[in-house]
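Visitor: If it helps, the file is called input34.cif and holds mmCIF, C-alpha atoms and all ligand atoms:
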data_protein
loop_
_atom_site.group_PDB
_atom_site.id
_atom_site.type_symbol
_atom_site.label_atom_id
_atom_site.label_comp_id
_atom_site.auth_asym_id
_atom_site.auth_seq_id
_atom_site.Cartn_x
_atom_site.Cartn_y
_atom_site.Cartn_z
ATOM 1 C CA MET T 305 119.313 61.262 83.458
ATOM 2 C CA THR T 306 116.334 61.269 85.838
ATOM 3 C CA ILE T 307 112.695 60.575 85.028
ATOM 4 C CA ARG T 308 111.584 63.734 86.843
ATOM 5 C CA ASN T 309 112.705 67.339 86.406
ATOM 6 C CA THR T 310 115.398 68.692 88.697
ATOM 7 C CA LYS T 311 116.196 72.305 89.646
ATOM 8 C CA HIS T 312 118.637 72.449 86.705
ATOM 9 C CA ALA T 313 117.383 70.097 84.019
ATOM 10 C CA PHE T 314 114.322 68.534 82.429
ATOM 11 C CA GLY T 315 113.728 64.827 83.176
ATOM 12 C CA THR T 316 113.079 62.044 80.659
ATOM 13 C CA VAL T 317 109.277 62.375 80.776
ATOM 14 C CA THR T 318 109.302 66.123 79.968
ATOM 15 C CA LYS T 319 111.931 65.664 77.241
ATOM 16 C CA THR T 320 110.021 62.757 75.664
ATOM 17 C CA PHE T 321 106.784 64.766 75.675
ATOM 18 C CA HIS T 322 108.623 67.743 74.148
ATOM 19 C CA TRP T 323 110.372 65.943 71.275
ATOM 20 C CA VAL T 324 107.577 63.478 70.420
ATOM 21 C CA MET T 325 105.104 66.367 70.301
ATOM 22 C CA ALA T 326 107.502 68.631 68.370
ATOM 23 C CA LEU T 327 107.829 65.884 65.738
ATOM 24 C CA LEU T 328 104.061 65.345 65.675
ATOM 25 C CA VAL T 329 103.186 69.051 65.424
ATOM 26 C CA ILE T 330 105.684 69.575 62.593
ATOM 27 C CA SER T 331 104.345 66.449 60.785
ATOM 28 C CA VAL T 332 100.668 67.418 61.165
ATOM 29 C CA PHE T 333 101.519 70.926 59.943
ATOM 30 C CA SER T 334 103.486 69.646 56.919
ATOM 31 C CA ILE T 335 100.771 67.123 55.995
ATOM 32 C CA GLY T 336 98.153 69.903 56.316
ATOM 33 C CA TRP T 337 99.987 72.052 53.775
ATOM 34 C CA TYR T 338 100.788 69.126 51.457
ATOM 35 C CA MET T 339 97.221 67.770 51.336
ATOM 36 C CA ASP T 340 95.891 71.243 50.565
ATOM 37 C CA PHE T 341 97.734 71.191 47.232
ATOM 38 C CA LEU T 342 96.542 67.711 46.192
ATOM 39 C CA PRO T 343 93.667 67.359 43.706
ATOM 40 C CA LEU T 344 90.471 65.793 45.068
ATOM 41 C CA GLY T 345 90.874 62.002 45.056
ATOM 42 C CA MET T 346 91.858 58.942 47.083
ATOM 43 C CA GLU T 347 95.363 60.210 47.859
ATOM 44 C CA LYS T 348 94.073 63.523 49.231
ATOM 45 C CA LEU T 349 91.475 61.722 51.386
ATOM 46 C CA GLN T 350 94.156 59.396 52.790
ATOM 47 C CA TRP T 351 96.388 62.326 53.767
ATOM 48 C CA ILE T 352 93.416 64.180 55.319
ATOM 49 C CA SER T 353 92.672 61.064 57.354
ATOM 50 C CA ARG T 354 96.329 60.814 58.539
ATOM 51 C CA HIS T 355 96.310 64.569 59.348
ATOM 52 C CA LYS T 356 93.182 64.119 61.501
ATOM 53 C CA SER T 357 94.472 61.004 63.302
ATOM 54 C CA LEU T 358 97.821 62.624 64.138
ATOM 55 C CA GLY T 359 96.044 65.854 65.166
ATOM 56 C CA ILE T 360 93.865 63.932 67.643
ATOM 57 C CA THR T 361 97.045 62.232 68.932
ATOM 58 C CA VAL T 362 98.429 65.742 69.620
ATOM 59 C CA LEU T 363 95.244 66.569 71.557
ATOM 60 C CA ALA T 364 95.458 63.383 73.679
ATOM 61 C CA LEU T 365 99.168 63.938 74.385
ATOM 62 C CA VAL T 366 98.856 67.638 75.218
ATOM 63 C CA ILE T 367 96.222 66.798 77.866
ATOM 64 C CA LEU T 368 98.659 64.317 79.479
ATOM 65 C CA ARG T 369 101.545 66.783 79.033
ATOM 66 C CA VAL T 370 99.707 69.613 80.790
ATOM 67 C CA ILE T 371 98.794 67.305 83.694
ATOM 68 C CA TRP T 372 102.502 66.358 83.962
ATOM 69 C CA ARG T 373 103.601 70.012 83.614
ATOM 70 C CA LEU T 374 101.275 71.152 86.408
ATOM 71 C CA SER T 375 102.330 68.361 88.769
ATOM 72 C CA GLU T 376 106.065 68.767 88.154
ATOM 73 C CA PRO T 377 108.246 71.753 89.120
ATOM 74 C CA SER T 378 110.194 73.179 86.149
ATOM 75 C CA PRO T 379 113.930 73.854 86.215
ATOM 76 C CA HIS T 380 114.835 77.485 87.072
ATOM 77 C CA GLU T 381 114.518 79.997 84.213
ATOM 78 C CA LEU T 382 117.693 80.921 82.351
ATOM 79 C CA GLY T 383 117.045 84.212 80.484
ATOM 80 C CA LYS T 384 119.235 87.096 81.708
ATOM 81 C CA LEU T 385 116.563 89.797 81.354
ATOM 82 C CA GLN T 386 113.152 89.703 82.990
ATOM 83 C CA ILE T 387 111.496 90.663 79.701
ATOM 84 C CA GLU T 388 113.197 87.678 78.060
ATOM 85 C CA ARG T 389 111.924 85.307 80.758
ATOM 86 C CA LEU T 390 108.422 86.776 80.408
ATOM 87 C CA ALA T 391 108.554 86.393 76.606
ATOM 88 C CA ALA T 392 109.617 82.738 77.005
ATOM 89 C CA LYS T 393 106.683 82.091 79.367
ATOM 90 C CA ALA T 394 104.221 83.805 77.015
ATOM 91 C CA GLY T 395 105.615 81.857 74.032
ATOM 92 C CA HIS T 396 105.319 78.515 75.834
ATOM 93 C CA LEU T 397 101.763 79.350 76.946
ATOM 94 C CA GLY T 398 100.941 80.252 73.324
ATOM 95 C CA LEU T 399 102.335 76.919 72.105
ATOM 96 C CA TYR T 400 100.280 75.000 74.686
ATOM 97 C CA LEU T 401 97.110 76.907 73.712
ATOM 98 C CA LEU T 402 97.735 76.226 70.015
ATOM 99 C CA MET T 403 98.311 72.518 70.680
ATOM 100 C CA PHE T 404 94.733 72.497 72.042
ATOM 101 C CA ALA T 405 93.197 74.949 69.595
ATOM 102 C CA MET T 406 94.458 73.311 66.389
ATOM 103 C CA PRO T 407 92.980 69.821 66.954
ATOM 104 C CA LEU T 408 89.806 71.193 68.591
ATOM 105 C CA THR T 409 89.032 73.537 65.669
ATOM 106 C CA GLY T 410 89.845 70.672 63.257
ATOM 107 C CA TRP T 411 87.570 68.216 65.054
ATOM 108 C CA THR T 412 84.727 70.781 65.307
ATOM 109 C CA MET T 413 85.191 71.708 61.629
ATOM 110 C CA SER T 414 84.925 68.049 60.577
ATOM 111 C CA SER T 415 81.803 67.681 62.707
ATOM 112 C CA ALA T 416 80.237 70.797 61.131
ATOM 113 C CA ALA T 417 80.957 69.300 57.675
ATOM 114 C CA ASN T 418 79.474 65.992 58.913
ATOM 115 C CA PHE T 419 82.715 64.083 58.246
ATOM 116 C CA PRO T 420 83.223 62.231 61.551
ATOM 117 C CA VAL T 421 86.861 61.884 62.669
ATOM 118 C CA SER T 422 88.202 58.338 62.506
ATOM 119 C CA VAL T 423 91.406 57.823 64.529
ATOM 120 C CA PHE T 424 93.768 55.555 62.546
ATOM 121 C CA GLY T 425 90.683 53.549 61.500
ATOM 122 C CA LEU T 426 90.489 52.194 65.082
ATOM 123 C CA PHE T 427 87.522 54.191 66.373
ATOM 124 C CA THR T 428 85.407 57.174 65.376
ATOM 125 C CA LEU T 429 85.002 60.259 67.540
ATOM 126 C CA PRO T 430 81.520 61.653 68.173
ATOM 127 C CA ASN T 431 80.583 64.824 66.292
ATOM 128 C CA LEU T 432 80.982 67.924 68.496
ATOM 129 C CA VAL T 433 78.333 69.989 66.651
ATOM 130 C CA SER T 434 75.479 69.336 64.223
ATOM 131 C CA PRO T 435 76.158 69.777 60.504
ATOM 132 C CA ASN T 436 76.425 73.487 59.706
ATOM 133 C CA GLN T 437 77.989 74.775 56.486
ATOM 134 C CA GLU T 438 78.503 78.343 57.742
ATOM 135 C CA LEU T 439 80.244 77.161 60.918
ATOM 136 C CA PHE T 440 82.393 74.836 58.802
ATOM 137 C CA GLU T 441 83.569 77.741 56.601
ATOM 138 C CA THR T 442 84.341 79.942 59.636
ATOM 139 C CA LEU T 443 86.281 77.189 61.415
ATOM 140 C CA ARG T 444 88.204 76.368 58.262
ATOM 141 C CA THR T 445 89.440 79.973 58.169
ATOM 142 C CA VAL T 446 90.234 79.933 61.918
ATOM 143 C CA HIS T 447 92.107 76.597 61.582
ATOM 144 C CA TRP T 448 94.106 78.006 58.665
ATOM 145 C CA LEU T 449 94.947 81.254 60.512
ATOM 146 C CA LEU T 450 95.997 79.287 63.605
ATOM 147 C CA SER T 451 98.299 77.144 61.454
ATOM 148 C CA TRP T 452 100.175 80.368 60.576
ATOM 149 C CA ALA T 453 100.362 81.231 64.265
ATOM 150 C CA VAL T 454 101.884 77.763 64.909
ATOM 151 C CA ALA T 455 104.436 78.281 62.122
ATOM 152 C CA GLY T 456 105.368 81.743 63.438
ATOM 153 C CA LEU T 457 105.575 80.769 67.096
ATOM 154 C CA VAL T 458 107.507 77.535 66.452
ATOM 155 C CA GLY T 459 109.914 79.523 64.239
ATOM 156 C CA VAL T 460 110.511 82.136 66.987
ATOM 157 C CA HIS T 461 110.803 79.323 69.581
ATOM 158 C CA PHE T 462 113.405 77.548 67.449
ATOM 159 C CA LEU T 463 115.419 80.754 66.903
ATOM 160 C CA ALA T 464 115.240 81.571 70.628
ATOM 161 C CA ALA T 465 116.673 78.114 71.440
ATOM 162 C CA LEU T 466 119.543 78.739 68.986
ATOM 163 C CA LYS T 467 120.134 82.237 70.406
ATOM 164 C CA HIS T 468 120.447 80.798 73.925
ATOM 165 C CA HIS T 469 122.831 78.119 72.687
ATOM 166 C CA PHE T 470 125.146 80.097 70.408
ATOM 167 C CA TRP T 471 124.830 83.689 71.668
ATOM 168 C CA ASP T 472 124.161 83.441 75.415
ATOM 169 C CA ARG T 473 125.981 80.093 75.602
ATOM 170 C CA ASP T 474 123.695 78.906 78.403
ATOM 171 C CA ALA T 475 122.167 75.458 79.040
ATOM 172 C CA THR T 476 118.639 76.203 77.702
ATOM 173 C CA LEU T 477 118.899 73.921 74.667
ATOM 174 C CA ARG T 478 121.257 71.327 76.197
ATOM 175 C CA ARG T 479 118.936 70.702 79.138
ATOM 176 C CA MET T 480 116.090 69.838 76.728
ATOM 177 C CA LEU T 481 118.266 67.459 74.668
ATOM 178 C CA PRO T 482 118.608 63.718 75.405
ATOM 179 C CA GLY T 483 121.403 62.789 77.812
ATOM 180 C CA LYS T 484 122.714 64.113 81.090
ATOM 181 C CA LEU T 485 123.560 67.774 81.567
ATOM 182 C CA GLU T 486 127.259 67.975 82.591
ATOM 183 C CA GLU T 487 127.005 70.856 85.073
ATOM 184 C CA ASN T 488 124.191 69.081 86.934
HETATM 185 C C1 LIG O 501 111.897 72.951 66.257
HETATM 186 C C2 LIG O 501 112.714 72.608 67.183
HETATM 187 C C3 LIG O 501 112.528 72.917 68.660
HETATM 188 C C4 LIG O 501 113.522 73.251 69.520
HETATM 189 C C5 LIG O 501 115.001 73.388 69.181
HETATM 190 C C6 LIG O 501 112.921 73.442 70.821
HETATM 191 C C7 LIG O 501 113.605 73.764 71.976
HETATM 192 C C8 LIG O 501 113.052 73.930 73.234
HETATM 193 C C9 LIG O 501 113.781 74.208 74.442
HETATM 194 C C10 LIG O 501 115.293 74.352 74.549
HETATM 195 C C11 LIG O 501 112.893 74.338 75.466
HETATM 196 C C12 LIG O 501 113.206 74.622 76.947
HETATM 197 C C13 LIG O 501 113.037 76.088 77.261
HETATM 198 C C14 LIG O 501 113.325 76.372 78.747
HETATM 199 O O1 LIG O 501 114.252 75.837 79.300
HETATM 200 O O2 LIG O 501 112.570 77.168 79.328
HETATM 201 C C15 LIG O 501 111.578 74.154 74.919
HETATM 202 C C16 LIG O 501 110.397 74.214 75.628
HETATM 203 C C17 LIG O 501 109.131 74.078 75.081
HETATM 204 N N1 LIG O 501 108.848 73.728 73.769
HETATM 205 FE FE1 LIG O 501 110.222 73.487 72.251
HETATM 206 N N2 LIG O 501 111.562 73.243 70.721
HETATM 207 C C18 LIG O 501 111.270 72.915 69.417
HETATM 208 C C19 LIG O 501 110.024 72.630 68.893
HETATM 209 C C20 LIG O 501 108.834 72.717 69.595
HETATM 210 C C21 LIG O 501 107.518 72.497 69.025
HETATM 211 C C22 LIG O 501 107.210 72.123 67.567
HETATM 212 C C23 LIG O 501 106.625 72.683 70.038
HETATM 213 C C24 LIG O 501 105.124 72.552 69.990
HETATM 214 C C25 LIG O 501 104.364 73.190 69.176
HETATM 215 C C26 LIG O 501 107.365 73.046 71.233
HETATM 216 C C27 LIG O 501 106.788 73.352 72.458
HETATM 217 C C28 LIG O 501 107.480 73.681 73.621
HETATM 218 C C29 LIG O 501 106.855 74.033 74.884
HETATM 219 C C30 LIG O 501 105.361 74.124 75.156
HETATM 220 C C31 LIG O 501 107.893 74.264 75.794
HETATM 221 C C32 LIG O 501 107.752 74.661 77.264
HETATM 222 C C33 LIG O 501 107.943 73.453 78.149
HETATM 223 C C34 LIG O 501 107.612 73.832 79.570
HETATM 224 O O3 LIG O 501 106.428 73.774 79.891
HETATM 225 O O4 LIG O 501 108.534 74.172 80.324
HETATM 226 N N3 LIG O 501 108.700 73.040 70.932
HETATM 227 N N4 LIG O 501 111.706 73.904 73.556
#
I'd like the structure from this file rewritten - as structure tokens, please.
Guide:
Amino acid sequence: MTIRNTKHAFGTVTKTFHWVMALLVISVFSIGWYMDFLPLGMEKLQWISRHKSLGITVLALVILRVIWRLSEPSPHELGKLQIERLAAKAGHLGLYLLMFAMPLTGWTMSSAANFPVSVFGLFTLPNLVSPNQELFETLRTVHWLLSWAVAGLVGVHFLAALKHHFWDRDATLRRMLPGKLEEN
């Protein structure tokens, strides 16, 4: 397995970014839904704090990931139909945009509510906007709607990976999994 991408497969750096971020996004999403159901109290505040810290980690990693993505050629596309390849590109772009939009709306929402974001208790981020109740309410709705977009797009993305693997029987999923691709 190589560190960099090849014409046929993703390298270790791309795969590590993909799976670490997939795990993070799914965790932040699950925590977000769980904490919403908790009654106001210490436990809820602790989960909100974890949700924010992991969300900011997503933001930091997606910046590095996009820099890597733009500096590294991707393996050739595998979809048989052009429409399928276009849909894959649009879906990936949507996932990248959401990985920025989710933490940025969260951070701005916290700033508008005047609850500064502490990252794992190590440091506190500056507020992005002045306290503003109306802006807070709007961003809360936007953040919530975007979380549905994440759930929908990740679900389609997951099903598309399974379709490639079991229906088309191509290397789409295998070349994103750890280990060396045999036909390389
Ligand atoms: C749930 C299980 C998941 C599976 C099975 C999966 C599978 C894959 C596969 C096979 C590819 C490569 C597609 C290709 O060759 O063109 C890929 C790419 C990608 N995945 Fe996932 N994925 C999962 C979760 C996620 C999550 C949660 C995110 C982030 C929200 C994500 C974001 C991306 C992005 C942005 C790409 C495009 C990478 C590039 O720039 O080429 N994936 N995924």
Visitor: Once you add 6 Å to each side, what are the centre and edge lengths of the axis-aligned box holding all listed atoms of ligand LIG 501 (chain O)? One decimal in Å, as JSON, if you can.
Guide:
{"center_x": 109.8, "center_y": 74.6, "center_z": 73.3, "size_x": 22.9, "size_y": 17.0, "size_z": 26.1}
Visitor: Closest to ligand LIG 501 (chain O) among T:Val421, T:Ile371, T:Val446, T:Ile307, using all atoms listed in the file?
Guide: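 The answer is T:Ile371, which sits nearest to ligand LIG 501 (chain O).
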Visitor: Kindly provide the residues of range 365-465 of chain T that approach range 472-475 of chain T to within 9 Å, each paired with its closest atom pair and their distance in Å to one decimal, based on only C-alpha atoms, listed by chain and increasing number, as a tab-separated table.
Guide:
residue	atom	partner	partner_atom	distance
T:Leu382	CA	T:Asp474	CA	7.5
T:Gly383	CA	T:Asp474	CA	8.8
T:Lys384	CA	T:Asp472	CA	8.8
Visitor: Keeping only C-alpha atoms, write those residues as a short mmCIF file (atom, residue, chain, number, x, y, z; two decimals), keeping the file's coordinate frame.
Guide:
data_model
loop_
_atom_site.label_atom_id
_atom_site.label_comp_id
_atom_site.auth_asym_id
_atom_site.auth_seq_id
_atom_site.Cartn_x
_atom_site.Cartn_y
_atom_site.Cartn_z
CA LEU T 382 117.69 80.92 82.35
CA GLY T 383 117.04 84.21 80.48
CA LYS T 384 119.24 87.10 81.71
#
Visitor: Kindly compile the residues surrounding ligand LIG 501 (chain O) within 9 Å, counting all atoms listed in the file, and format them as a PyMOL selection string.
Guide: chain T and resi 313-314+318-319+322-323+325-330+369-370+373-374+378-383+389+392-393+395-403+454-455+457-459+461-466+468-469+475-481
Visitor: Selected by the PyMOL selection byres (((chain T and resi 416) around 7) and not hetatm) in the shown coordinates: which residues, as a ChimeraX atom specification?
Guide: /T:412-415,417-418,433-437,439-440
Visitor: Once the PyMOL selection byres (((chain T and resi 331) around 12) and not hetatm) has been applied to the shown file, what residues remain in the selection, as a PDB file with C-alpha atoms, in the frame of the given file?
Guide:
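That gives us selection-v8.pdb:
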ATOM      1  CA  VAL T 324     107.577  63.478  70.420  1.00  0.00           C
ATOM      2  CA  MET T 325     105.104  66.367  70.301  1.00  0.00           C
ATOM      3  CA  ALA T 326     107.502  68.631  68.370  1.00  0.00           C
ATOM      4  CA  LEU T 327     107.829  65.884  65.738  1.00  0.00           C
ATOM      5  CA  LEU T 328     104.061  65.345  65.675  1.00  0.00           C
ATOM      6  CA  VAL T 329     103.186  69.051  65.424  1.00  0.00           C
ATOM      7  CA  ILE T 330     105.684  69.575  62.593  1.00  0.00           C
ATOM      8  CA  VAL T 332     100.668  67.418  61.165  1.00  0.00           C
ATOM      9  CA  PHE T 333     101.519  70.926  59.943  1.00  0.00           C
ATOM     10  CA  SER T 334     103.486  69.646  56.919  1.00  0.00           C
ATOM     11  CA  ILE T 335     100.771  67.123  55.995  1.00  0.00           C
ATOM     12  CA  GLY T 336      98.153  69.903  56.316  1.00  0.00           C
ATOM     13  CA  TRP T 337      99.987  72.052  53.775  1.00  0.00           C
ATOM     14  CA  TYR T 338     100.788  69.126  51.457  1.00  0.00           C
ATOM     15  CA  MET T 339      97.221  67.770  51.336  1.00  0.00           C
ATOM     16  CA  TRP T 351      96.388  62.326  53.767  1.00  0.00           C
ATOM     17  CA  ARG T 354      96.329  60.814  58.539  1.00  0.00           C
ATOM     18  CA  HIS T 355      96.310  64.569  59.348  1.00  0.00           C
ATOM     19  CA  LYS T 356      93.182  64.119  61.501  1.00  0.00           C
ATOM     20  CA  SER T 357      94.472  61.004  63.302  1.00  0.00           C
ATOM     21  CA  LEU T 358      97.821  62.624  64.138  1.00  0.00           C
ATOM     22  CA  GLY T 359      96.044  65.854  65.166  1.00  0.00           C
ATOM     23  CA  THR T 361      97.045  62.232  68.932  1.00  0.00           C
ATOM     24  CA  VAL T 362      98.429  65.742  69.620  1.00  0.00           C
ATOM     25  CA  ALA T 455     104.436  78.281  62.122  1.00  0.00           C
TER      26      ALA T 455
END
Visitor: Have a look at CA of Ala394 in chain T and CA of Ala453 in chain T and let me know their distance in Å, one decimal.
Guide: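 Rounded to one decimal, the two atoms are 13.6 Å apart.
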Visitor: Between CA of Thr409 in chain T and CA of Glu438 in chain T, measure the distance and give it in Å to one decimal.
Guide: 14.0 Å
Visitor: How far is it from CA of Pro377 in chain T to CA of Thr310 in chain T, in Å with one decimal?
Guide: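 Separation between CA of Pro377 in chain T and CA of Thr310 in chain T: 7.8 Å.
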Visitor: Would you mind listing what lies within 7 Å of Pro420 in chain T as a ChimeraX atom specification, with all atoms listed in the file counted and same-chain residues fewer than 6 positions away left out?
Guide: /T:414,428-431
Visitor: Check the smallest atom-to-atom distance from each of T:Thr442, T:Ser451, T:Ser375, T:Gln386 to Ala405 in chain T using only C-alpha atoms, then report the winner.
Guide: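 So, comparing all the options, the nearest one is T:Ser451.
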Visitor: Using only C-alpha atoms, can you tell me which of T:Leu344, T:Leu426, T:Leu485, T:Met406 comes closest to Trp448 in chain T?
Guide: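 When distances to Trp448 in chain T are compared using only C-alpha atoms, the smallest one comes from T:Met406.
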Visitor: Since the input has fewer atoms than a full residue there, write range 427-437 of chain T out with all heavy atoms, as a compact mmCIF listing (two decimals), keeping the file's coordinate frame.
Guide:
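What follows is the written file result-v8.txt:
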# COMPACT_ATOMS: atom_id res chain seq x y z
N PHE T 427 88.81 53.77 65.82
CA PHE T 427 87.52 54.19 66.37
C PHE T 427 87.16 55.55 65.81
O PHE T 427 88.03 56.26 65.28
CB PHE T 427 87.53 54.22 67.91
CG PHE T 427 88.61 55.08 68.49
CD1 PHE T 427 88.38 56.41 68.78
CD2 PHE T 427 89.87 54.55 68.75
CE1 PHE T 427 89.38 57.22 69.30
CE2 PHE T 427 90.88 55.35 69.27
CZ PHE T 427 90.64 56.69 69.56
N THR T 428 85.87 55.89 65.92
CA THR T 428 85.41 57.17 65.38
C THR T 428 84.95 58.07 66.52
O THR T 428 84.23 57.62 67.42
CB THR T 428 84.25 56.92 64.39
OG1 THR T 428 84.76 56.06 63.37
CG2 THR T 428 83.76 58.20 63.74
N LEU T 429 85.38 59.32 66.48
CA LEU T 429 85.00 60.26 67.54
C LEU T 429 83.58 60.77 67.29
O LEU T 429 83.16 60.89 66.14
CB LEU T 429 85.96 61.45 67.55
CG LEU T 429 87.43 61.13 67.85
CD1 LEU T 429 88.27 62.40 67.75
CD2 LEU T 429 87.57 60.52 69.23
N PRO T 430 82.87 61.09 68.37
CA PRO T 430 81.52 61.65 68.17
C PRO T 430 81.62 63.06 67.58
O PRO T 430 82.60 63.76 67.80
CB PRO T 430 80.96 61.72 69.60
CG PRO T 430 82.16 61.74 70.49
CD PRO T 430 83.26 60.99 69.79
N ASN T 431 80.61 63.46 66.82
CA ASN T 431 80.58 64.82 66.29
C ASN T 431 80.37 65.81 67.44
O ASN T 431 79.56 65.55 68.34
CB ASN T 431 79.45 64.97 65.27
CG ASN T 431 79.90 64.52 63.89
OD1 ASN T 431 81.09 64.30 63.65
ND2 ASN T 431 78.95 64.38 62.97
N LEU T 432 81.10 66.94 67.41
CA LEU T 432 80.98 67.92 68.50
C LEU T 432 79.83 68.89 68.27
O LEU T 432 79.30 69.47 69.21
CB LEU T 432 82.29 68.73 68.63
CG LEU T 432 83.51 67.95 69.11
CD1 LEU T 432 84.74 68.84 69.11
CD2 LEU T 432 83.28 67.39 70.50
N VAL T 433 79.45 69.09 66.99
CA VAL T 433 78.33 69.99 66.65
C VAL T 433 77.51 69.35 65.53
O VAL T 433 77.99 68.42 64.87
CB VAL T 433 78.83 71.38 66.16
CG1 VAL T 433 79.50 72.18 67.25
CG2 VAL T 433 79.79 71.23 64.97
N SER T 434 76.30 69.84 65.33
CA SER T 434 75.48 69.34 64.22
C SER T 434 76.00 69.92 62.92
O SER T 434 76.64 70.99 62.93
CB SER T 434 74.02 69.75 64.38
OG SER T 434 73.67 69.78 65.71
N PRO T 435 75.70 69.25 61.80
CA PRO T 435 76.16 69.78 60.50
C PRO T 435 75.73 71.23 60.31
O PRO T 435 74.60 71.59 60.61
CB PRO T 435 75.46 68.86 59.50
CG PRO T 435 75.20 67.60 60.25
CD PRO T 435 74.97 67.99 61.68
N ASN T 436 76.69 72.06 59.85
CA ASN T 436 76.42 73.49 59.71
C ASN T 436 77.48 74.07 58.76
O ASN T 436 78.63 74.25 59.13
CB ASN T 436 76.50 74.15 61.10
CG ASN T 436 76.25 75.64 61.07
OD1 ASN T 436 76.51 76.31 60.08
ND2 ASN T 436 75.76 76.15 62.18
N GLN T 437 77.06 74.34 57.53
CA GLN T 437 77.99 74.78 56.49
C GLN T 437 78.70 76.09 56.84
O GLN T 437 79.91 76.24 56.64
CB GLN T 437 77.23 74.91 55.15
CG GLN T 437 78.07 75.24 53.94
CD GLN T 437 79.12 74.15 53.63
OE1 GLN T 437 78.97 72.99 54.01
NE2 GLN T 437 80.19 74.53 52.95
